[in-house]
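S.K.: I'd like to ask you about the structure that follows.
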Amino acid sequence: MGKFQKKRGKAKPTISTASLPDIIFMLLFFFMVVTVLRESEEKVAQSLPEATELTKLEKKSLVNYLLVGKPVQKYQNTYGTKPQLQLGDKFADIKEIPLFIEKHRSKVNEKEIPAIISSLKIDGDVTMGIVTDIKTELRKSGQLKVNYSAKKRVD
Amino acid sequence: MARKRDRNAPEVNAGSMADIAFLLLIFFLVTTTIAVDSGVLVKLPPWSNEPPPEMKLNSRNVYSVLVNANNDLLVRGEPKSIDDLRADTKEFIMNPKKLDNMAEKPTKAIISLKNDRGTSYNTYLEVYNELKAAYNELRNEEANKRYGKDYSYIDRVKQKEIREMIPLVISEAEPTNFGEEN
């Protein structure tokens, strides 16, 4: 008994702060892993047009992205240089749009389906032909809220 | 002496490591900007297989804008530059001089936009942006006149009132098949 008392008197009871950095690092890593910067790789060139009347896309979960543009250099051998549509992270045919929209809808709460916005990220040099076809396909699948992605014009 | 060193080994003070990690964390928190996507919001008309019903429209109420495959503008039968489009649209909608070749009143005004398949998307969006800007400016002016505030700062009921007074009607026709590269 006396042995124990003697020991306690000698060592000062301090909480070790050595593990604090570990905790902070864990926080750092957690945020680094959780933060999503971009959902998918851009396989088509994207130089967005400029506009002034912009609306911000607030709720990311209610937005689906349709990318249109020339395939970037490394995909030009397979897909040519004509403007292509990219859905998710792969090239797609315009006919695949309804399925893509339907897939997104099934992930969303039923009440929020009317609030879904399709963000059209279209390269400025694309001609309206493919854009019109995409718009028609979107209308056919009942996806009427559309956002033409654009950069803020700086005057 | 040697016995004493054995008992509590000399340690580097690790207390400040937390501060360093915190500094890193805060630095990244501050410098990271999560890109917010923004763009021109458009509501497409619903699809129907039947052709739209013929509507008798007084031609004075229709502001037709054609953009061809060379990205030239034809507004109400006359060539026009994009720079003049906004002011011209505003004048057409409000018709301040009560001319008989412009809209009877803002609620009757219809913008008809038509393009070729070969029109560049840049031009199309620029034109669309100008048309939308014309409406937004008019709504802003009206809000300022009535409430002394910008349109985006007044409450929803008042916004709706103004929206109904100056409704945005942009009708897009099926494009013609000119100038598409194959």
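Chain identifiers are assigned as A, B, and so on, following the order in which chains appear in the structure tokens; residues are numbered from 1 within each chain, and ligands are numbered from 1 in order of appearance.
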Please identify every residue of segment 82-147 of chain B that has at least one atom no farther than 10 Å from an atom of segment 110-134 of chain A, counting only C-alpha atoms, and for each give the shortest atom pair and the distance in Å to one decimal, arranged by chain then increasing number, as a tab-separated table.
M.R.:
residue	atom	partner	partner_atom	distance
B:Asn115	CA	A:Met128	CA	7.8
B:Asp116	CA	A:Met128	CA	7.0
B:Arg117	CA	A:Gly129	CA	4.1
B:Gly118	CA	A:Thr127	CA	5.2
B:Thr119	CA	A:Thr127	CA	5.4
B:Ser120	CA	A:Thr127	CA	4.3
B:Tyr121	CA	A:Gly124	CA	5.2
B:Asn122	CA	A:Gly124	CA	4.5
B:Thr123	CA	A:Gly124	CA	8.2
B:Tyr124	CA	A:Met128	CA	7.8
B:Leu125	CA	A:Gly124	CA	8.6
S.K.: Taking all heavy atoms for each residue, export the selection above as a short mmCIF file (atom, residue, chain, number, x, y, z; two decimals), in the first residue's frame.
M.R.:
data_model
loop_
_atom_site.label_atom_id
_atom_site.label_comp_id
_atom_site.auth_asym_id
_atom_site.auth_seq_id
_atom_site.Cartn_x
_atom_site.Cartn_y
_atom_site.Cartn_z
N ASN B 115 -33.56 29.60 -84.51
CA ASN B 115 -32.17 29.53 -84.95
C ASN B 115 -31.97 28.39 -85.93
O ASN B 115 -32.85 27.54 -86.08
CB ASN B 115 -31.23 29.37 -83.75
CG ASN B 115 -31.60 28.21 -82.89
OD1 ASN B 115 -32.41 28.33 -81.97
ND2 ASN B 115 -31.03 27.06 -83.19
N ASP B 116 -30.81 28.36 -86.58
CA ASP B 116 -30.46 27.25 -87.45
C ASP B 116 -29.72 26.19 -86.64
O ASP B 116 -29.21 26.48 -85.57
CB ASP B 116 -29.54 27.73 -88.58
CG ASP B 116 -30.27 28.62 -89.56
OD1 ASP B 116 -31.51 28.50 -89.64
OD2 ASP B 116 -29.61 29.42 -90.23
N ARG B 117 -29.66 25.01 -87.21
CA ARG B 117 -28.87 23.97 -86.52
C ARG B 117 -27.39 24.31 -86.54
O ARG B 117 -26.61 23.78 -85.76
CB ARG B 117 -29.12 22.60 -87.16
CG ARG B 117 -30.48 22.03 -86.82
CD ARG B 117 -30.66 20.67 -87.46
NE ARG B 117 -29.90 19.63 -86.76
CZ ARG B 117 -30.38 18.96 -85.73
NH1 ARG B 117 -31.59 19.21 -85.28
NH2 ARG B 117 -29.65 18.02 -85.15
N GLY B 118 -27.01 25.18 -87.43
CA GLY B 118 -25.60 25.55 -87.53
C GLY B 118 -25.21 26.77 -86.71
O GLY B 118 -24.05 27.15 -86.66
N THR B 119 -26.18 27.37 -86.03
CA THR B 119 -25.87 28.52 -85.18
C THR B 119 -24.95 28.09 -84.05
O THR B 119 -25.12 27.02 -83.50
CB THR B 119 -27.18 29.06 -84.56
OG1 THR B 119 -28.12 29.30 -85.60
CG2 THR B 119 -26.94 30.35 -83.81
N SER B 120 -23.99 28.92 -83.74
CA SER B 120 -23.08 28.52 -82.66
C SER B 120 -23.77 28.75 -81.31
O SER B 120 -24.56 29.67 -81.14
CB SER B 120 -21.76 29.29 -82.73
OG SER B 120 -21.79 30.39 -81.85
N TYR B 121 -23.45 27.87 -80.38
CA TYR B 121 -24.07 27.92 -79.06
C TYR B 121 -23.74 29.22 -78.35
O TYR B 121 -24.56 29.78 -77.64
CB TYR B 121 -23.59 26.70 -78.25
CG TYR B 121 -24.13 26.63 -76.85
CD1 TYR B 121 -25.47 26.41 -76.63
CD2 TYR B 121 -23.29 26.79 -75.77
CE1 TYR B 121 -25.97 26.34 -75.34
CE2 TYR B 121 -23.78 26.72 -74.48
CZ TYR B 121 -25.11 26.50 -74.27
OH TYR B 121 -25.59 26.44 -72.99
N ASN B 122 -22.51 29.71 -78.58
CA ASN B 122 -22.10 31.00 -78.00
C ASN B 122 -23.09 32.10 -78.34
O ASN B 122 -23.55 32.83 -77.47
CB ASN B 122 -20.73 31.39 -78.55
CG ASN B 122 -19.64 31.10 -77.54
OD1 ASN B 122 -19.88 31.06 -76.34
ND2 ASN B 122 -18.44 30.89 -78.04
N THR B 123 -23.39 32.20 -79.64
CA THR B 123 -24.30 33.26 -80.09
C THR B 123 -25.69 33.06 -79.54
O THR B 123 -26.34 34.00 -79.08
CB THR B 123 -24.35 33.27 -81.63
OG1 THR B 123 -23.04 33.12 -82.13
CG2 THR B 123 -24.95 34.55 -82.14
N TYR B 124 -26.14 31.81 -79.59
CA TYR B 124 -27.48 31.50 -79.11
C TYR B 124 -27.65 31.93 -77.67
O TYR B 124 -28.61 32.62 -77.31
CB TYR B 124 -27.73 29.99 -79.25
CG TYR B 124 -28.97 29.51 -78.54
CD1 TYR B 124 -30.23 29.69 -79.12
CD2 TYR B 124 -28.89 28.89 -77.30
CE1 TYR B 124 -31.37 29.26 -78.47
CE2 TYR B 124 -30.02 28.46 -76.65
CZ TYR B 124 -31.26 28.64 -77.23
OH TYR B 124 -32.38 28.23 -76.58
N LEU B 125 -26.67 31.56 -76.85
CA LEU B 125 -26.80 31.88 -75.43
C LEU B 125 -26.69 33.38 -75.19
O LEU B 125 -27.33 33.93 -74.31
CB LEU B 125 -25.74 31.13 -74.62
CG LEU B 125 -26.11 31.02 -73.13
CD1 LEU B 125 -27.31 30.12 -72.95
CD2 LEU B 125 -24.97 30.52 -72.30
#
S.K.: Could you find all residues in segment 17-141 of chain A that DSSP calls strand (DSSP E) from the backbone, and write them as a count of residues only?
M.R.: 24
S.K.: For Leu66 of chain B, list every protein, DNA or RNA residue within 6 Å, evaluated using only C-alpha atoms, and leave out those in the same chain fewer than 3 positions away; present the list as a PyMOL selection string.
M.R.: chain B and resi 73-74+114-115
S.K.: Could you make a table, as a Markdown table, of the residues of chain A that have an atom within 8 Å of an atom of chain B, each with its nearest atom pair and distance in Å to one decimal, counting only C-alpha atoms, in chain and number order?
M.R.:
| residue | atom | partner | partner_atom | distance |
| --- | --- | --- | --- | --- |
| A:Thr17 | CA | B:Gly15 | CA | 5.4 |
| A:Ala18 | CA | B:Ala14 | CA | 5.1 |
| A:Leu20 | CA | B:Ala18 | CA | 5.6 |
| A:Pro21 | CA | B:Ala18 | CA | 4.1 |
| A:Asp22 | CA | B:Ala18 | CA | 7.8 |
| A:Ile24 | CA | B:Ala21 | CA | 6.2 |
| A:Phe25 | CA | B:Ala21 | CA | 6.3 |
| A:Leu28 | CA | B:Leu25 | CA | 5.9 |
| A:Leu37 | CA | B:Ile34 | CA | 6.8 |
| A:Pro49 | CA | B:Asn122 | CA | 5.6 |
| A:Glu50 | CA | B:Glu126 | CA | 7.6 |
| A:Ala51 | CA | B:Asn129 | CA | 6.2 |
| A:Thr52 | CA | B:Asn129 | CA | 6.9 |
| A:Glu53 | CA | B:Val40 | CA | 6.1 |
| A:Leu54 | CA | B:Gly39 | CA | 4.8 |
| A:Thr55 | CA | B:Ser38 | CA | 5.4 |
| A:Lys56 | CA | B:Ser38 | CA | 4.2 |
| A:Leu57 | CA | B:Ser38 | CA | 5.7 |
| A:Glu58 | CA | B:Val36 | CA | 7.9 |
| A:Ile122 | CA | B:Tyr121 | CA | 7.8 |
| A:Asp123 | CA | B:Tyr121 | CA | 7.5 |
| A:Gly124 | CA | B:Asn122 | CA | 4.5 |
| A:Asp125 | CA | B:Ser120 | CA | 5.9 |
| A:Val126 | CA | B:Tyr121 | CA | 5.6 |
| A:Thr127 | CA | B:Ser120 | CA | 4.3 |
| A:Met128 | CA | B:Arg117 | CA | 4.8 |
| A:Gly129 | CA | B:Arg117 | CA | 4.1 |
| A:Ile130 | CA | B:Arg117 | CA | 7.9 |
| A:Val131 | CA | B:Tyr121 | CA | 7.9 |
| A:Thr132 | CA | B:Arg117 | CA | 7.6 |
| A:Lys135 | CA | B:Leu44 | CA | 7.9 |
| A:Thr136 | CA | B:Trp47 | CA | 7.7 |
| A:Arg139 | CA | B:Trp47 | CA | 5.2 |
| A:Lys140 | CA | B:Trp47 | CA | 5.4 |
| A:Gly142 | CA | B:Pro46 | CA | 6.7 |
| A:Leu144 | CA | B:Leu44 | CA | 4.8 |
| A:Lys145 | CA | B:Lys43 | CA | 4.9 |
| A:Val146 | CA | B:Val42 | CA | 5.2 |
| A:Asn147 | CA | B:Leu41 | CA | 4.3 |
| A:Tyr148 | CA | B:Val40 | CA | 5.0 |
| A:Ser149 | CA | B:Gly39 | CA | 4.0 |
| A:Ala150 | CA | B:Gly39 | CA | 4.6 |
| A:Lys151 | CA | B:Gly39 | CA | 7.0 |
S.K.: For Ile170 of chain B, which of B:Asn95, B:Asn58, B:Thr89, B:Thr31 is the closest residue, counting only C-alpha atoms?
M.R.: B:Thr89
S.K.: If you count only C-alpha atoms, which residues fall within 12 Å of Val72 of chain A, apart from same-chain ones fewer than 6 positions away, as a ChimeraX atom specification?
M.R.: /A:41-47,78-84,86,91,123
S.K.: Taking 6 positions as the minimum chain separation for residues in the same chain, which residues sit within 10 Å of Glu164 of chain B when counting only C-alpha atoms? Answer as a ChimeraX atom specification.
M.R.: /B:106-107,158
S.K.: Write out, as an mmCIF file, in the first residue's frame, the residues just selected, with all heavy atoms.
M.R.:
data_model
loop_
_atom_site.group_PDB
_atom_site.id
_atom_site.type_symbol
_atom_site.label_atom_id
_atom_site.label_comp_id
_atom_site.auth_asym_id
_atom_site.auth_seq_id
_atom_site.Cartn_x
_atom_site.Cartn_y
_atom_site.Cartn_z
ATOM 1 N N PRO B 106 -47.315 44.868 -72.017
ATOM 2 C CA PRO B 106 -46.279 43.864 -71.739
ATOM 3 C C PRO B 106 -46.819 42.441 -71.643
ATOM 4 O O PRO B 106 -46.139 41.493 -72.029
ATOM 5 C CB PRO B 106 -45.704 44.313 -70.402
ATOM 6 C CG PRO B 106 -45.950 45.763 -70.339
ATOM 7 C CD PRO B 106 -47.229 45.999 -71.077
ATOM 8 N N THR B 107 -48.048 42.268 -71.141
ATOM 9 C CA THR B 107 -48.571 40.915 -70.999
ATOM 10 C C THR B 107 -48.842 40.256 -72.342
ATOM 11 O O THR B 107 -48.942 39.042 -72.439
ATOM 12 C CB THR B 107 -49.892 40.920 -70.197
ATOM 13 O OG1 THR B 107 -50.683 41.992 -70.664
ATOM 14 C CG2 THR B 107 -49.630 41.082 -68.719
ATOM 15 N N LYS B 158 -44.981 40.378 -53.953
ATOM 16 C CA LYS B 158 -44.770 41.521 -54.836
ATOM 17 C C LYS B 158 -44.022 41.112 -56.097
ATOM 18 O O LYS B 158 -44.292 41.604 -57.191
ATOM 19 C CB LYS B 158 -43.997 42.619 -54.099
ATOM 20 C CG LYS B 158 -44.825 43.294 -53.022
ATOM 21 C CD LYS B 158 -43.976 44.237 -52.204
ATOM 22 C CE LYS B 158 -44.795 44.863 -51.090
ATOM 23 N NZ LYS B 158 -43.911 45.449 -50.066
#
S.K.: Write out as a PDB file with C-alpha atoms, in the first residue's frame which residues come within 10 Å of Lys105 of chain B when counting only C-alpha atoms, dropping same-chain ones fewer than 6 positions away.
M.R.:
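Once everything was written out, this is around.pdb:
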ATOM      1  CA  ASN B  61     -47.182  41.693 -80.391  1.00  0.00           C
ATOM      2  CA  PHE B  92     -40.771  46.764 -77.778  1.00  0.00           C
ATOM      3  CA  ILE B  93     -42.208  45.296 -74.580  1.00  0.00           C
ATOM      4  CA  MET B  94     -43.013  48.527 -72.804  1.00  0.00           C
ATOM      5  CA  ASN B  95     -43.855  50.545 -75.903  1.00  0.00           C
ATOM      6  CA  PRO B  96     -43.413  53.889 -74.141  1.00  0.00           C
ATOM      7  CA  LYS B  98     -47.543  53.786 -77.784  1.00  0.00           C
ATOM      8  CA  MET B 165     -47.350  42.271 -65.133  1.00  0.00           C
ATOM      9  CA  ILE B 166     -44.257  41.634 -67.224  1.00  0.00           C
TER      10      ILE B 166
END
S.K.: If I take atom CA of Arg76 of chain B and atom CA of Ser64 of chain B, how far is one from the other in Å, to one decimal?
M.R.: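 Between these atoms lies a distance of 5.2 Å.
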S.K.: Could you please determine the separation between atom CA of Val68 of chain A and atom CA of Leu87 of chain A in Å, to one decimal place?
M.R.: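 If I compute the distance from atom CA of Val68 of chain A to atom CA of Leu87 of chain A, I get 9.0 Å.
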S.K.: Would you work out the distance separating atom CA of Ile94 of chain A from atom CA of Glu137 of chain A, expressed in Å to one decimal?
M.R.: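 It comes out at 7.4 Å.
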